[in-house]
Amino acid sequence: VVVAARTEDKVQALAAEVEGHGAKALGLRLDITDADSCRTVLDQILETFGRVDVLVNNAFSDGDHKPFLEADLTKWRQTMDVNFFGTMQLTQVLAAQMVTQGDGRIVIINTMSAVRIRPNFGAYTASKSALAAITKTLAAELGEHGVRVNGVHPGYIWGDSVELYFDHLARKKGITAEEQYQEVASETALGYLPPSGEIAEAVVFFASLVILAPLTAPDDPRSTPSTGGSAVATGYSHEDLQADANMTQQMSAPNASGPMHPDDQTNQMLERSHN
């Protein structure tokens, strides 16, 4: 497993946690807005593992949270540079390697804000909506090369950061934290907010070889795990360690390959602003 992000101490801490689960891990510094950084990471991955099997794009910037008429569009461009162009820059570099290999899986972590539109989230929503659209384009273009591209759109995810945020909202409204939780949870089909581990399970599914089984012949090399390879996760934070334990164990089996977003807290698995 390769863990790559801007903040080196967090990257190394997560890599150590992955190795604690019995997998080989490589922690790398990566800035997805820097083309040279993306290419350097690919070179390091190939030198260590020889191939790239999975890419999980997690990095994001949450924007300025201002009404459009008051917004500084320069800051919108900065948000777009991370959420859209930065993600595409890294994906382009690694997807080319996957096409050369003849297979690969790309999972793009998105947000419910791409489909649930609210005021003051223009920069974030616009960038994530663009990411949702290009995910479908990539799936259409790369599928013929054996590369599968999927997106995951979480809503509220229950964890320490969301709990603190709900406590803040509850105090502001003069209600209890439980009442705040129920107010939000009542909007979901199941009436509760899932922990980050449940989102990780969806990512594991899209990253796994399970989805290849119906599409490959028994003698197709893609129908069995490779004997090496790597799974690349970008933008992770040390807070995600427990949530990612399931993903780490499954993706790296021996032969397998800031403040949180205010209000909707969509990406508990992500480190703010691609740190």
# chains A, B, ... in the order shown; residues from 1 in each chain; ligands from 1
>>> closest_atom_pairs(of="region 66-143 of chain A", to="region 153-171 of chain A", cutoff="8 Å", atoms="only C-alpha atoms", output="tab-separated table")
residue	atom	partner	partner_atom	distance
A:Ile109	CA	A:His153	CA	6.4
A:Asn110	CA	A:His153	CA	4.7
A:Thr111	CA	A:His153	CA	4.3
A:Met112	CA	A:Gly155	CA	5.1
A:Ser113	CA	A:Gly155	CA	8.0
>>> select_by_dssp(residues="region 13-184 of chain A", states="helix (DSSP H, G or I)", output="PDB file with C-alpha atoms, in the first residue's frame")
ATOM      1  CA  ALA A  13       2.301   7.500  10.744  1.00  0.00           C
ATOM      2  CA  LEU A  14      -0.346   5.953   8.510  1.00  0.00           C
ATOM      3  CA  ALA A  15       2.232   3.873   6.633  1.00  0.00           C
ATOM      4  CA  ALA A  16       3.410   2.500   9.982  1.00  0.00           C
ATOM      5  CA  GLU A  17      -0.167   1.647  10.911  1.00  0.00           C
ATOM      6  CA  VAL A  18      -0.631  -0.197   7.611  1.00  0.00           C
ATOM      7  CA  GLU A  19       2.507  -2.216   8.246  1.00  0.00           C
ATOM      8  CA  GLY A  20       1.165  -2.996  11.693  1.00  0.00           C
ATOM      9  CA  ALA A  35       2.894  17.721 -11.962  1.00  0.00           C
ATOM     10  CA  ASP A  36       6.503  16.844 -11.107  1.00  0.00           C
ATOM     11  CA  SER A  37       5.409  15.553  -7.707  1.00  0.00           C
ATOM     12  CA  CYS A  38       2.844  13.259  -9.345  1.00  0.00           C
ATOM     13  CA  ARG A  39       5.400  11.838 -11.771  1.00  0.00           C
ATOM     14  CA  THR A  40       7.970  11.365  -9.005  1.00  0.00           C
ATOM     15  CA  VAL A  41       5.472   9.401  -6.935  1.00  0.00           C
ATOM     16  CA  LEU A  42       4.750   7.099  -9.868  1.00  0.00           C
ATOM     17  CA  ASP A  43       8.470   6.476 -10.344  1.00  0.00           C
ATOM     18  CA  GLN A  44       8.854   5.612  -6.658  1.00  0.00           C
ATOM     19  CA  ILE A  45       5.866   3.276  -6.764  1.00  0.00           C
ATOM     20  CA  LEU A  46       7.174   1.412  -9.786  1.00  0.00           C
ATOM     21  CA  GLU A  47      10.631   1.146  -8.253  1.00  0.00           C
ATOM     22  CA  THR A  48       9.175  -0.398  -5.094  1.00  0.00           C
ATOM     23  CA  PHE A  49       6.201  -2.441  -6.325  1.00  0.00           C
ATOM     24  CA  PHE A  68     -21.357  33.914  -5.008  1.00  0.00           C
ATOM     25  CA  LEU A  69     -21.668  37.703  -5.151  1.00  0.00           C
ATOM     26  CA  GLU A  70     -19.158  38.046  -2.301  1.00  0.00           C
ATOM     27  CA  LEU A  73     -13.082  33.744  -7.761  1.00  0.00           C
ATOM     28  CA  THR A  74      -9.319  33.448  -7.402  1.00  0.00           C
ATOM     29  CA  LYS A  75     -10.009  31.294  -4.368  1.00  0.00           C
ATOM     30  CA  TRP A  76     -12.540  29.306  -6.383  1.00  0.00           C
ATOM     31  CA  ARG A  77      -9.758  28.554  -8.843  1.00  0.00           C
ATOM     32  CA  GLN A  78      -7.595  27.332  -5.974  1.00  0.00           C
ATOM     33  CA  THR A  79     -10.363  24.969  -4.883  1.00  0.00           C
ATOM     34  CA  MET A  80     -10.758  23.764  -8.463  1.00  0.00           C
ATOM     35  CA  ASP A  81      -6.991  23.274  -8.756  1.00  0.00           C
ATOM     36  CA  VAL A  82      -7.089  20.762  -5.899  1.00  0.00           C
ATOM     37  CA  ASN A  83     -10.457  19.056  -6.252  1.00  0.00           C
ATOM     38  CA  PHE A  84     -10.570  18.809 -10.025  1.00  0.00           C
ATOM     39  CA  PHE A  85      -7.307  19.546 -11.807  1.00  0.00           C
ATOM     40  CA  GLY A  86      -5.091  18.149  -9.055  1.00  0.00           C
ATOM     41  CA  THR A  87      -7.095  14.936  -8.910  1.00  0.00           C
ATOM     42  CA  MET A  88      -7.033  14.667 -12.704  1.00  0.00           C
ATOM     43  CA  GLN A  89      -3.299  15.360 -12.821  1.00  0.00           C
ATOM     44  CA  LEU A  90      -2.448  12.450 -10.549  1.00  0.00           C
ATOM     45  CA  THR A  91      -5.068  10.227 -12.150  1.00  0.00           C
ATOM     46  CA  GLN A  92      -3.700  10.878 -15.633  1.00  0.00           C
ATOM     47  CA  VAL A  93      -0.191   9.854 -14.595  1.00  0.00           C
ATOM     48  CA  LEU A  94      -1.259   6.667 -12.818  1.00  0.00           C
ATOM     49  CA  ALA A  95      -3.998   5.733 -15.289  1.00  0.00           C
ATOM     50  CA  ALA A  96      -1.466   5.728 -18.125  1.00  0.00           C
ATOM     51  CA  GLN A  97       0.510   3.116 -16.195  1.00  0.00           C
ATOM     52  CA  MET A  98      -2.645   1.073 -15.617  1.00  0.00           C
ATOM     53  CA  VAL A  99      -3.438   1.139 -19.341  1.00  0.00           C
ATOM     54  CA  THR A 100       0.085  -0.134 -20.048  1.00  0.00           C
ATOM     55  CA  GLN A 101      -0.534  -2.950 -17.563  1.00  0.00           C
ATOM     56  CA  MET A 112     -23.186  14.476  -1.485  1.00  0.00           C
ATOM     57  CA  SER A 113     -22.657  18.205  -2.121  1.00  0.00           C
ATOM     58  CA  ALA A 114     -22.249  17.374  -5.798  1.00  0.00           C
ATOM     59  CA  GLY A 122     -20.350  27.259  -4.687  1.00  0.00           C
ATOM     60  CA  ALA A 123     -16.608  26.610  -5.008  1.00  0.00           C
ATOM     61  CA  TYR A 124     -16.783  23.205  -3.352  1.00  0.00           C
ATOM     62  CA  THR A 125     -19.956  22.080  -5.118  1.00  0.00           C
ATOM     63  CA  ALA A 126     -18.797  23.265  -8.550  1.00  0.00           C
ATOM     64  CA  SER A 127     -15.443  21.496  -8.266  1.00  0.00           C
ATOM     65  CA  LYS A 128     -16.957  18.274  -6.960  1.00  0.00           C
ATOM     66  CA  SER A 129     -19.705  18.315  -9.591  1.00  0.00           C
ATOM     67  CA  ALA A 130     -17.034  18.603 -12.266  1.00  0.00           C
ATOM     68  CA  LEU A 131     -15.254  15.682 -10.631  1.00  0.00           C
ATOM     69  CA  ALA A 132     -18.471  13.631 -10.728  1.00  0.00           C
ATOM     70  CA  ALA A 133     -18.876  14.284 -14.449  1.00  0.00           C
ATOM     71  CA  ILE A 134     -15.278  13.452 -15.349  1.00  0.00           C
ATOM     72  CA  THR A 135     -15.496  10.219 -13.349  1.00  0.00           C
ATOM     73  CA  LYS A 136     -18.087   9.008 -15.853  1.00  0.00           C
ATOM     74  CA  THR A 137     -15.959  10.193 -18.769  1.00  0.00           C
ATOM     75  CA  LEU A 138     -12.933   8.324 -17.437  1.00  0.00           C
ATOM     76  CA  ALA A 139     -15.019   5.181 -16.959  1.00  0.00           C
ATOM     77  CA  ALA A 140     -16.163   5.389 -20.588  1.00  0.00           C
ATOM     78  CA  GLU A 141     -12.676   6.037 -21.959  1.00  0.00           C
ATOM     79  CA  LEU A 142     -10.578   3.712 -19.806  1.00  0.00           C
ATOM     80  CA  GLY A 143     -12.926   0.740 -19.581  1.00  0.00           C
ATOM     81  CA  GLU A 144     -11.776  -0.705 -22.896  1.00  0.00           C
ATOM     82  CA  HIS A 145      -8.243  -0.835 -21.472  1.00  0.00           C
ATOM     83  CA  ASP A 160     -15.072  12.517  16.264  1.00  0.00           C
ATOM     84  CA  SER A 161     -14.989  15.509  13.892  1.00  0.00           C
ATOM     85  CA  VAL A 162     -18.698  15.320  13.105  1.00  0.00           C
ATOM     86  CA  GLU A 163     -19.553  14.826  16.777  1.00  0.00           C
ATOM     87  CA  LEU A 164     -17.650  17.990  17.700  1.00  0.00           C
ATOM     88  CA  TYR A 165     -19.338  19.886  14.895  1.00  0.00           C
ATOM     89  CA  PHE A 166     -22.784  18.706  15.996  1.00  0.00           C
ATOM     90  CA  ASP A 167     -21.989  19.755  19.572  1.00  0.00           C
ATOM     91  CA  HIS A 168     -21.158  23.213  18.223  1.00  0.00           C
ATOM     92  CA  LEU A 169     -24.412  23.390  16.250  1.00  0.00           C
ATOM     93  CA  ALA A 170     -26.414  22.169  19.243  1.00  0.00           C
ATOM     94  CA  ARG A 171     -25.027  24.874  21.500  1.00  0.00           C
ATOM     95  CA  LYS A 172     -25.685  27.478  18.826  1.00  0.00           C
ATOM     96  CA  LYS A 173     -29.314  26.329  18.469  1.00  0.00           C
ATOM     97  CA  ALA A 177     -26.316  17.104  20.834  1.00  0.00           C
ATOM     98  CA  GLU A 178     -28.639  14.115  20.527  1.00  0.00           C
ATOM     99  CA  GLU A 179     -31.386  16.317  19.111  1.00  0.00           C
ATOM    100  CA  GLN A 180     -28.930  17.728  16.587  1.00  0.00           C
ATOM    101  CA  TYR A 181     -27.888  14.219  15.596  1.00  0.00           C
ATOM    102  CA  GLN A 182     -31.496  13.086  15.169  1.00  0.00           C
ATOM    103  CA  GLU A 183     -32.295  16.183  13.103  1.00  0.00           C
ATOM    104  CA  VAL A 184     -29.652  15.246  10.561  1.00  0.00           C
TER     105      VAL A 184
END
>>> residues_around(residues="Phe121 (chain A)", least_positions_apart="3", cutoff="8 Å", atoms="only C-alpha atoms", output="number ranges by chain")
A: 63-67, 117-118, 124-125
>>> select_by_dssp(residues="region 55-213 of chain A", states="strand (DSSP E)", output="number ranges by chain")
A: 55-57, 104-109, 147-152
>>> write_last_selection(atoms="N, CA, C and O atoms", output="PDB file, in the first residue's frame")
ATOM      1  N   LEU A  55      -5.926   3.125  -7.410  1.00  0.00           N
ATOM      2  CA  LEU A  55      -5.742   4.511  -6.994  1.00  0.00           C
ATOM      3  C   LEU A  55      -7.012   4.972  -6.294  1.00  0.00           C
ATOM      4  O   LEU A  55      -8.104   4.882  -6.857  1.00  0.00           O
ATOM      5  N   VAL A  56      -6.883   5.442  -5.060  1.00  0.00           N
ATOM      6  CA  VAL A  56      -8.001   6.036  -4.330  1.00  0.00           C
ATOM      7  C   VAL A  56      -7.694   7.522  -4.161  1.00  0.00           C
ATOM      8  O   VAL A  56      -6.773   7.893  -3.439  1.00  0.00           O
ATOM      9  N   ASN A  57      -8.464   8.351  -4.841  1.00  0.00           N
ATOM     10  CA  ASN A  57      -8.276   9.801  -4.775  1.00  0.00           C
ATOM     11  C   ASN A  57      -9.090  10.378  -3.626  1.00  0.00           C
ATOM     12  O   ASN A  57     -10.328  10.378  -3.660  1.00  0.00           O
ATOM     13  N   GLY A 104      -6.557  -2.065 -13.907  1.00  0.00           N
ATOM     14  CA  GLY A 104      -6.398  -1.166 -12.776  1.00  0.00           C
ATOM     15  C   GLY A 104      -7.761  -0.716 -12.294  1.00  0.00           C
ATOM     16  O   GLY A 104      -8.771  -0.878 -12.981  1.00  0.00           O
ATOM     17  N   ARG A 105      -7.797  -0.182 -11.087  1.00  0.00           N
ATOM     18  CA  ARG A 105      -9.044   0.319 -10.511  1.00  0.00           C
ATOM     19  C   ARG A 105      -8.793   1.705  -9.938  1.00  0.00           C
ATOM     20  O   ARG A 105      -7.819   1.911  -9.196  1.00  0.00           O
ATOM     21  N   ILE A 106      -9.670   2.642 -10.269  1.00  0.00           N
ATOM     22  CA  ILE A 106      -9.577   4.006  -9.771  1.00  0.00           C
ATOM     23  C   ILE A 106     -10.865   4.322  -9.019  1.00  0.00           C
ATOM     24  O   ILE A 106     -11.961   4.125  -9.547  1.00  0.00           O
ATOM     25  N   VAL A 107     -10.730   4.787  -7.780  1.00  0.00           N
ATOM     26  CA  VAL A 107     -11.885   5.176  -6.973  1.00  0.00           C
ATOM     27  C   VAL A 107     -11.721   6.643  -6.596  1.00  0.00           C
ATOM     28  O   VAL A 107     -10.697   7.037  -6.035  1.00  0.00           O
ATOM     29  N   ILE A 108     -12.718   7.442  -6.922  1.00  0.00           N
ATOM     30  CA  ILE A 108     -12.674   8.866  -6.640  1.00  0.00           C
ATOM     31  C   ILE A 108     -13.681   9.184  -5.542  1.00  0.00           C
ATOM     32  O   ILE A 108     -14.886   8.968  -5.701  1.00  0.00           O
ATOM     33  N   ILE A 109     -13.164   9.666  -4.405  1.00  0.00           N
ATOM     34  CA  ILE A 109     -14.049  10.038  -3.306  1.00  0.00           C
ATOM     35  C   ILE A 109     -14.647  11.402  -3.595  1.00  0.00           C
ATOM     36  O   ILE A 109     -13.933  12.386  -3.762  1.00  0.00           O
ATOM     37  N   VAL A 147      -9.367  -0.714 -17.259  1.00  0.00           N
ATOM     38  CA  VAL A 147      -9.268   0.147 -16.082  1.00  0.00           C
ATOM     39  C   VAL A 147     -10.674   0.587 -15.691  1.00  0.00           C
ATOM     40  O   VAL A 147     -11.397   1.190 -16.487  1.00  0.00           O
ATOM     41  N   ARG A 148     -11.071   0.279 -14.461  1.00  0.00           N
ATOM     42  CA  ARG A 148     -12.407   0.594 -13.975  1.00  0.00           C
ATOM     43  C   ARG A 148     -12.364   1.839 -13.095  1.00  0.00           C
ATOM     44  O   ARG A 148     -11.520   1.932 -12.210  1.00  0.00           O
ATOM     45  N   VAL A 149     -13.286   2.757 -13.337  1.00  0.00           N
ATOM     46  CA  VAL A 149     -13.314   4.031 -12.620  1.00  0.00           C
ATOM     47  C   VAL A 149     -14.684   4.194 -11.965  1.00  0.00           C
ATOM     48  O   VAL A 149     -15.715   4.097 -12.630  1.00  0.00           O
ATOM     49  N   ASN A 150     -14.692   4.441 -10.654  1.00  0.00           N
ATOM     50  CA  ASN A 150     -15.939   4.625  -9.918  1.00  0.00           C
ATOM     51  C   ASN A 150     -15.801   5.769  -8.925  1.00  0.00           C
ATOM     52  O   ASN A 150     -14.695   6.099  -8.484  1.00  0.00           O
ATOM     53  N   GLY A 151     -16.930   6.353  -8.560  1.00  0.00           N
ATOM     54  CA  GLY A 151     -16.941   7.408  -7.566  1.00  0.00           C
ATOM     55  C   GLY A 151     -17.770   7.003  -6.355  1.00  0.00           C
ATOM     56  O   GLY A 151     -18.722   6.230  -6.472  1.00  0.00           O
ATOM     57  N   VAL A 152     -17.404   7.504  -5.193  1.00  0.00           N
ATOM     58  CA  VAL A 152     -18.150   7.281  -3.959  1.00  0.00           C
ATOM     59  C   VAL A 152     -18.557   8.652  -3.423  1.00  0.00           C
ATOM     60  O   VAL A 152     -17.707   9.533  -3.272  1.00  0.00           O
TER      61      VAL A 152
END
>>> closest_residue(among="A:Ala202, A:Ile32, A:Ala189, A:Ala207", to="Phe60 (chain A)", atoms="only C-alpha atoms")
A:Ile32
>>> atom_distance(atom1="CA of Leu30 (chain A)", atom2="CA of Lys10 (chain A)")
12.0 Å
>>> atom_distance(atom1="CA of Gly146 (chain A)", atom2="CA of Leu28 (chain A)")
26.6 Å
>>> atom_distance(atom1="CA of Phe206 (chain A)", atom2="CA of Asp62 (chain A)")
24.6 Å
>>> decode(residues="region 193-211 of chain A", atoms="N, CA, C and O atoms", output="JSON list (two decimals), in the first residue's frame")
[["chain", "number", "residue", "atom", "x", "y", "z"],
["A", 193, "LEU", "N", -26.34, 7.90, 11.00],
["A", 193, "LEU", "CA", -25.16, 8.32, 10.25],
["A", 193, "LEU", "C", -24.12, 7.22, 10.32],
["A", 193, "LEU", "O", -23.70, 6.82, 11.41],
["A", 194, "PRO", "N", -23.66, 6.72, 9.19],
["A", 194, "PRO", "CA", -22.72, 5.60, 9.19],
["A", 194, "PRO", "C", -21.33, 6.02, 9.64],
["A", 194, "PRO", "O", -20.93, 7.17, 9.43],
["A", 195, "PRO", "N", -20.59, 5.12, 10.26],
["A", 195, "PRO", "CA", -19.18, 5.40, 10.58],
["A", 195, "PRO", "C", -18.34, 5.35, 9.32],
["A", 195, "PRO", "O", -18.76, 4.81, 8.29],
["A", 196, "SER", "N", -17.16, 5.89, 9.40],
["A", 196, "SER", "CA", -16.30, 5.97, 8.21],
["A", 196, "SER", "C", -15.92, 4.59, 7.69],
["A", 196, "SER", "O", -15.66, 4.42, 6.50],
["A", 197, "GLY", "N", -15.90, 3.59, 8.58],
["A", 197, "GLY", "CA", -15.58, 2.25, 8.13],
["A", 197, "GLY", "C", -16.54, 1.73, 7.09],
["A", 197, "GLY", "O", -16.16, 0.94, 6.21],
["A", 198, "GLU", "N", -17.80, 2.13, 7.16],
["A", 198, "GLU", "CA", -18.78, 1.68, 6.17],
["A", 198, "GLU", "C", -18.49, 2.29, 4.80],
["A", 198, "GLU", "O", -18.71, 1.66, 3.76],
["A", 199, "ILE", "N", -18.01, 3.52, 4.79],
["A", 199, "ILE", "CA", -17.62, 4.14, 3.52],
["A", 199, "ILE", "C", -16.39, 3.44, 2.97],
["A", 199, "ILE", "O", -16.27, 3.18, 1.76],
["A", 200, "ALA", "N", -15.47, 3.09, 3.86],
["A", 200, "ALA", "CA", -14.26, 2.39, 3.44],
["A", 200, "ALA", "C", -14.60, 1.06, 2.78],
["A", 200, "ALA", "O", -13.94, 0.63, 1.83],
["A", 201, "GLU", "N", -15.65, 0.39, 3.27],
["A", 201, "GLU", "CA", -16.04, -0.89, 2.68],
["A", 201, "GLU", "C", -16.48, -0.71, 1.23],
["A", 201, "GLU", "O", -16.21, -1.57, 0.37],
["A", 202, "ALA", "N", -17.17, 0.39, 0.94],
["A", 202, "ALA", "CA", -17.57, 0.66, -0.44],
["A", 202, "ALA", "C", -16.35, 0.89, -1.32],
["A", 202, "ALA", "O", -16.27, 0.42, -2.46],
["A", 203, "VAL", "N", -15.36, 1.59, -0.77],
["A", 203, "VAL", "CA", -14.12, 1.83, -1.51],
["A", 203, "VAL", "C", -13.39, 0.52, -1.77],
["A", 203, "VAL", "O", -12.90, 0.27, -2.88],
["A", 204, "VAL", "N", -13.34, -0.33, -0.75],
["A", 204, "VAL", "CA", -12.68, -1.64, -0.90],
["A", 204, "VAL", "C", -13.34, -2.44, -2.00],
["A", 204, "VAL", "O", -12.67, -3.08, -2.82],
["A", 205, "PHE", "N", -14.66, -2.42, -2.05],
["A", 205, "PHE", "CA", -15.37, -3.17, -3.09],
["A", 205, "PHE", "C", -14.95, -2.70, -4.48],
["A", 205, "PHE", "O", -14.60, -3.51, -5.35],
["A", 206, "PHE", "N", -14.99, -1.39, -4.70],
["A", 206, "PHE", "CA", -14.63, -0.87, -6.02],
["A", 206, "PHE", "C", -13.15, -1.09, -6.33],
["A", 206, "PHE", "O", -12.76, -1.17, -7.50],
["A", 207, "ALA", "N", -12.33, -1.18, -5.30],
["A", 207, "ALA", "CA", -10.89, -1.37, -5.50],
["A", 207, "ALA", "C", -10.50, -2.83, -5.63],
["A", 207, "ALA", "O", -9.38, -3.14, -6.02],
["A", 208, "SER", "N", -11.43, -3.72, -5.33],
["A", 208, "SER", "CA", -11.09, -5.13, -5.25],
["A", 208, "SER", "C", -11.21, -5.84, -6.59],
["A", 208, "SER", "O", -11.74, -5.30, -7.56],
["A", 209, "LEU", "N", -10.76, -7.08, -6.60],
["A", 209, "LEU", "CA", -10.89, -7.93, -7.78],
["A", 209, "LEU", "C", -12.26, -8.56, -7.87],
["A", 209, "LEU", "O", -12.58, -9.19, -8.88],
["A", 210, "VAL", "N", -13.08, -8.40, -6.84],
["A", 210, "VAL", "CA", -14.41, -8.99, -6.85],
["A", 210, "VAL", "C", -15.22, -8.51, -8.04],
["A", 210, "VAL", "O", -15.92, -9.27, -8.69],
["A", 211, "ILE", "N", -15.10, -7.21, -8.36],
["A", 211, "ILE", "CA", -15.90, -6.66, -9.45],
["A", 211, "ILE", "C", -15.39, -7.10, -10.81],
["A", 211, "ILE", "O", -16.05, -6.90, -11.81]]
